[in-house]
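Shown next: input.csv, containing CSV, C-alpha atoms.
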chain,number,residue,atom,x,y,z
H,1402,MET,CA,0.0,0.0,0.0
H,1403,PRO,CA,1.4,3.4,-0.9
H,1404,VAL,CA,1.4,4.8,2.6
H,1405,TYR,CA,4.4,6.7,4.1
H,1406,GLU,CA,5.5,8.0,7.5
H,1407,ILE,CA,7.4,11.3,7.9
H,1408,ASN,CA,8.7,12.9,11.0
H,1409,GLY,CA,6.9,10.3,13.2
H,1410,LYS,CA,3.5,11.1,11.5
H,1411,LYS,CA,1.8,8.2,9.7
H,1412,PRO,CA,-1.5,7.8,8.0
H,1413,SER,CA,-4.5,6.1,9.6
H,1414,ILE,CA,-6.7,4.3,7.1
H,1415,GLY,CA,-10.3,3.2,7.8
H,1416,THR,CA,-11.7,-0.2,7.2
H,1417,ASN,CA,-12.9,-1.2,3.7
H,1418,THR,CA,-11.1,1.8,2.2
H,1419,TRP,CA,-9.4,1.1,-1.1
H,1420,ILE,CA,-6.3,3.0,-2.1
H,1421,ALA,CA,-4.9,2.7,-5.7
H,1422,PRO,CA,-1.3,1.4,-5.8
H,1423,SER,CA,-0.2,4.5,-7.6
H,1424,ALA,CA,-1.7,6.9,-5.0
H,1425,GLU,CA,0.5,8.3,-2.3
H,1426,ILE,CA,-0.7,8.9,1.3
H,1427,ILE,CA,2.0,10.7,3.3
H,1428,GLY,CA,2.2,11.8,7.0
H,1429,ASP,CA,-0.6,13.1,9.2
H,1430,VAL,CA,-3.6,11.8,7.2
H,1431,THR,CA,-6.7,10.2,8.5
H,1432,ILE,CA,-9.0,8.5,6.0
H,1433,GLY,CA,-12.4,7.2,7.1
H,1434,ASN,CA,-14.1,3.9,6.4
H,1435,ASN,CA,-15.4,2.9,3.0
H,1436,CYS,CA,-13.5,5.5,1.0
H,1437,TYR,CA,-12.1,5.3,-2.6
H,1438,ILE,CA,-8.7,6.8,-3.3
H,1439,GLY,CA,-8.0,6.8,-7.0
H,1440,PHE,CA,-5.0,6.2,-9.1
H,1441,GLY,CA,-2.3,8.9,-9.0
H,1442,ALA,CA,-3.9,10.8,-6.1
H,1443,ILE,CA,-1.5,12.5,-3.7
H,1444,ILE,CA,-2.6,13.2,-0.1
H,1445,ARG,CA,0.3,14.9,1.6
H,1446,GLY,CA,0.1,15.6,5.3
H,1447,ASP,CA,3.7,16.5,5.8
H,1448,PHE,CA,3.2,20.2,7.0
H,1449,GLY,CA,-0.4,19.9,8.3
H,1450,LYS,CA,-3.2,17.5,9.1
H,1451,ILE,CA,-5.6,16.0,6.5
H,1452,ILE,CA,-8.9,14.4,7.6
H,1453,ILE,CA,-11.1,12.6,5.1
H,1454,GLY,CA,-14.5,11.4,6.4
H,1455,GLU,CA,-16.4,8.2,5.6
H,1456,GLN,CA,-17.6,7.1,2.1
H,1457,SER,CA,-15.7,9.9,0.5
H,1458,LEU,CA,-14.3,9.6,-3.0
H,1459,VAL,CA,-10.9,11.0,-4.1
H,1460,GLU,CA,-10.8,10.4,-7.8
H,1461,GLU,CA,-7.7,10.1,-10.0
H,1462,ALA,CA,-4.8,12.6,-9.9
H,1463,VAL,CA,-6.3,14.6,-7.1
H,1464,VAL,CA,-3.8,16.6,-5.0
H,1465,ILE,CA,-4.5,17.4,-1.4
H,1466,HIS,CA,-2.0,19.4,0.7
H,1467,CYS,CA,-2.0,22.0,3.4
H,1468,ALA,CA,0.1,24.2,5.6
H,1469,SER,CA,-2.3,23.7,8.5
H,1470,LYS,CA,-5.4,21.6,7.9
H,1471,VAL,CA,-7.7,20.1,5.3
H,1472,THR,CA,-11.0,18.7,6.5
H,1473,ILE,CA,-13.2,16.7,4.1
H,1474,GLY,CA,-16.5,15.5,5.4
H,1475,ASN,CA,-18.5,12.3,4.8
H,1476,ARG,CA,-19.8,11.4,1.4
H,1477,VAL,CA,-17.8,14.0,-0.5
H,1478,ILE,CA,-17.0,13.5,-4.2
H,1479,ILE,CA,-13.7,15.0,-5.3
H,1480,GLY,CA,-13.5,14.8,-9.1
H,1481,HIS,CA,-10.5,13.9,-11.3
H,1482,GLN,CA,-7.5,16.3,-11.1
H,1483,VAL,CA,-8.8,18.5,-8.4
H,1484,MET,CA,-6.4,20.5,-6.2
H,1485,LEU,CA,-7.3,21.2,-2.5
H,1486,HIS,CA,-5.2,23.3,-0.2
H,1487,ASP,CA,-6.0,24.2,3.4
H,1488,THR,CA,-9.7,24.0,2.9
H,1489,THR,CA,-12.9,22.6,4.5
H,1490,LEU,CA,-15.4,20.5,2.5
H,1491,HIS,CA,-18.5,19.7,4.5
H,1492,ASP,CA,-20.6,16.5,4.1
H,1493,ASN,CA,-22.3,15.7,0.8
H,1494,THR,CA,-20.4,18.1,-1.4
H,1495,LEU,CA,-19.2,17.6,-5.0
H,1496,ILE,CA,-16.1,19.2,-6.4
H,1497,GLY,CA,-16.0,19.0,-10.2
H,1498,MET,CA,-13.0,17.9,-12.2
H,1499,GLN,CA,-10.0,20.1,-12.5
H,1500,SER,CA,-11.2,22.6,-9.9
H,1501,MET,CA,-8.9,24.3,-7.5
H,1502,ILE,CA,-10.0,25.0,-4.0
H,1503,CYS,CA,-7.7,27.5,-2.2
H,1504,ASP,CA,-6.6,28.3,1.3
H,1505,PHE,CA,-9.1,28.7,4.1
H,1506,SER,CA,-12.2,28.4,1.8
H,1507,VAL,CA,-15.2,26.5,3.0
H,1508,ILE,CA,-17.6,24.5,0.9
H,1509,ASN,CA,-20.8,23.9,2.9
H,1510,GLU,CA,-23.0,20.8,2.8
H,1511,TRP,CA,-25.0,19.8,-0.3
H,1512,SER,CA,-23.1,22.2,-2.5
H,1513,ILE,CA,-21.5,21.7,-5.9
H,1514,VAL,CA,-18.4,23.3,-7.4
H,1515,ALA,CA,-18.6,23.0,-11.2
H,1516,GLU,CA,-15.7,21.6,-13.3
H,1517,GLN,CA,-12.6,23.7,-13.8
H,1518,SER,CA,-13.7,26.2,-11.1
H,1519,LEU,CA,-11.4,28.4,-8.9
H,1520,VAL,CA,-12.6,28.8,-5.3
H,1521,LEU,CA,-10.5,31.7,-4.0
H,1522,LYS,CA,-8.7,32.1,-0.7
H,1523,LYS,CA,-11.2,32.5,2.2
H,1524,GLN,CA,-14.2,32.1,-0.2
H,1525,ARG,CA,-17.3,30.5,1.4
H,1526,ILE,CA,-19.8,28.5,-0.7
H,1527,PRO,CA,-23.2,28.4,0.9
H,1528,SER,CA,-25.3,25.2,1.4
H,1529,GLY,CA,-27.4,24.0,-1.5
H,1530,LYS,CA,-25.7,26.3,-4.1
H,1531,ILE,CA,-23.8,25.6,-7.3
H,1532,TYR,CA,-20.8,27.7,-7.9
H,1533,GLY,CA,-18.7,27.7,-11.1
H,1534,GLY,CA,-16.1,29.7,-13.1
H,1535,SER,CA,-12.9,31.4,-12.3
H,1536,PRO,CA,-13.3,32.9,-9.8
H,1537,ALA,CA,-16.3,30.8,-8.7
H,1538,LYS,CA,-19.6,32.6,-8.6
H,1539,GLU,CA,-23.1,31.3,-7.8
H,1540,ILE,CA,-24.6,29.8,-11.0
H,1541,GLY,CA,-27.6,27.9,-9.6
H,1542,LEU,CA,-29.3,25.9,-6.8
H,1543,VAL,CA,-28.9,22.2,-6.0
H,1544,ASN,CA,-32.2,20.5,-6.9
H,1545,ASP,CA,-33.6,17.0,-6.6
H,1546,GLN,CA,-32.1,15.9,-9.9
H,1547,HIS,CA,-28.6,17.0,-8.6
H,1548,LEU,CA,-29.2,15.1,-5.4
H,1549,GLU,CA,-30.3,12.0,-7.3
H,1550,ARG,CA,-27.2,12.1,-9.5
H,1551,PHE,CA,-25.0,12.7,-6.4
H,1552,ASN,CA,-26.4,9.7,-4.6
H,1553,LEU,CA,-26.0,7.5,-7.8
H,1554,GLY,CA,-22.3,8.6,-8.0
H,1555,ILE,CA,-21.7,7.7,-4.4
H,1556,GLN,CA,-23.3,4.3,-5.0
H,1557,ALA,CA,-21.4,3.7,-8.2
H,1558,TYR,CA,-18.1,4.3,-6.5
H,1559,SER,CA,-19.1,2.3,-3.5
H,1560,ASP,CA,-19.8,-0.6,-5.9
H,1561,LEU,CA,-16.5,0.0,-7.7
H,1562,ARG,CA,-14.6,0.2,-4.3
H,1563,GLU,CA,-16.0,-3.3,-3.5
H,1564,GLN,CA,-14.9,-4.6,-6.9
H,1565,TYR,CA,-11.4,-3.3,-6.3
H,1566,LEU,CA,-11.2,-4.7,-2.8
H,1567,GLN,CA,-12.3,-8.2,-4.0
H,1568,ASN,CA,-11.0,-8.5,-7.6
H,1569,PHE,CA,-8.2,-6.1,-8.3
H,1570,LYS,CA,-4.9,-7.8,-9.0
H,1571,LYS,CA,-1.7,-7.0,-10.7
H,1572,LEU,CA,-0.8,-9.1,-13.7
H,1573,ASP,CA,2.8,-10.1,-14.5
H,1574,ILE,CA,2.8,-10.2,-18.3
Please, can you express the file's structure as structure tokens?
Amino acid sequence: MPVYEINGKKPSIGTNTWIAPSAEIIGDVTIGNNCYIGFGAIIRGDFGKIIIGEQSLVEEAVVIHCASKVTIGNRVIIGHQVMLHDTTLHDNTLIGMQSMICDFSVINEWSIVAEQSLVLKKQRIPSGKIYGGSPAKEIGLVNDQHLERFNLGIQAYSDLREQYLQNFKKLDI
């Protein structure tokens, strides 16, 4: 497993969490139960603490780092190639692919940050809102259709996590 200790700080990984062999989990990192950590993800807790709640999804090539602390709630979806730094993502949030979430920003529950968005330093995204653009601005409200798709995404990755836990194996060819 790609998990590393530095300066006496080592990651804590919850049960039934799957971590891709090309991901790197370093230092003061806590990952909850039933999470999916995708290929090429880097979660680097060498300067500060990183906490990831339960059933959260860190998709491929995500970078998470901090000078002080990153807190990611339960059932959070972090899309491919997202960069997070010193931020808080509350429960049930979705961060779209290739977005950048900057220092001391807060994304409140049941919010969506659209693909390729830039959430600025100290920016706060209210609950139930969709933000997008660079810099990110309100572009809509989360509705029942968004919630249904969010829940389908969580379920799809839960099923995928189980498949990886049970059936993933390296081939020597």
Q | Residues near Leu1566 of chain H, cut-off 9 Å, only C-alpha atoms, skip fewer than 5 positions along chain, as a ChimeraX atom specification | A | /H:1417-1419,1561
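Rounded to one decimal, atom CA of Gly1428 of chain H and atom CA of Gln1517 of chain H lie 28.2 Å from each other.
Distance annotation: of H:Ser1423, H:Ser1469, H:Asn1509, H:Ser1457, the residue with the minimal separation from Arg1525 of chain H is H:Asn1509; atom set is only C-alpha atoms.
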Q) Using all atoms listed in the file, which of the listed residues (H:Gln1482, H:Ile1473, H:Glu1460, H:Lys1411) sits closest to Asp1447 of chain H? A)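 With all atoms listed in the file as the atom set, the closest residue is H:Lys1411.
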Which residues are close to Ala1468 of chain H, i.e. within 10 Å by all atoms listed in the file, leaving aside same-chain residues fewer than 3 positions away? Reply as a short mmCIF file (atom, residue, chain, number, x, y, z; two decimals) with C-alpha atoms, in the coordinates of the input.
data_model
loop_
_atom_site.label_atom_id
_atom_site.label_comp_id
_atom_site.auth_asym_id
_atom_site.auth_seq_id
_atom_site.Cartn_x
_atom_site.Cartn_y
_atom_site.Cartn_z
CA GLY H 1446 0.10 15.60 5.30
CA ASP H 1447 3.70 16.50 5.80
CA PHE H 1448 3.20 20.20 7.00
CA GLY H 1449 -0.40 19.90 8.30
CA LYS H 1450 -3.20 17.50 9.10
CA VAL H 1471 -7.70 20.10 5.30
CA HIS H 1486 -5.20 23.30 -0.20
CA ASP H 1487 -6.00 24.20 3.40
CA ASP H 1504 -6.60 28.30 1.30
#
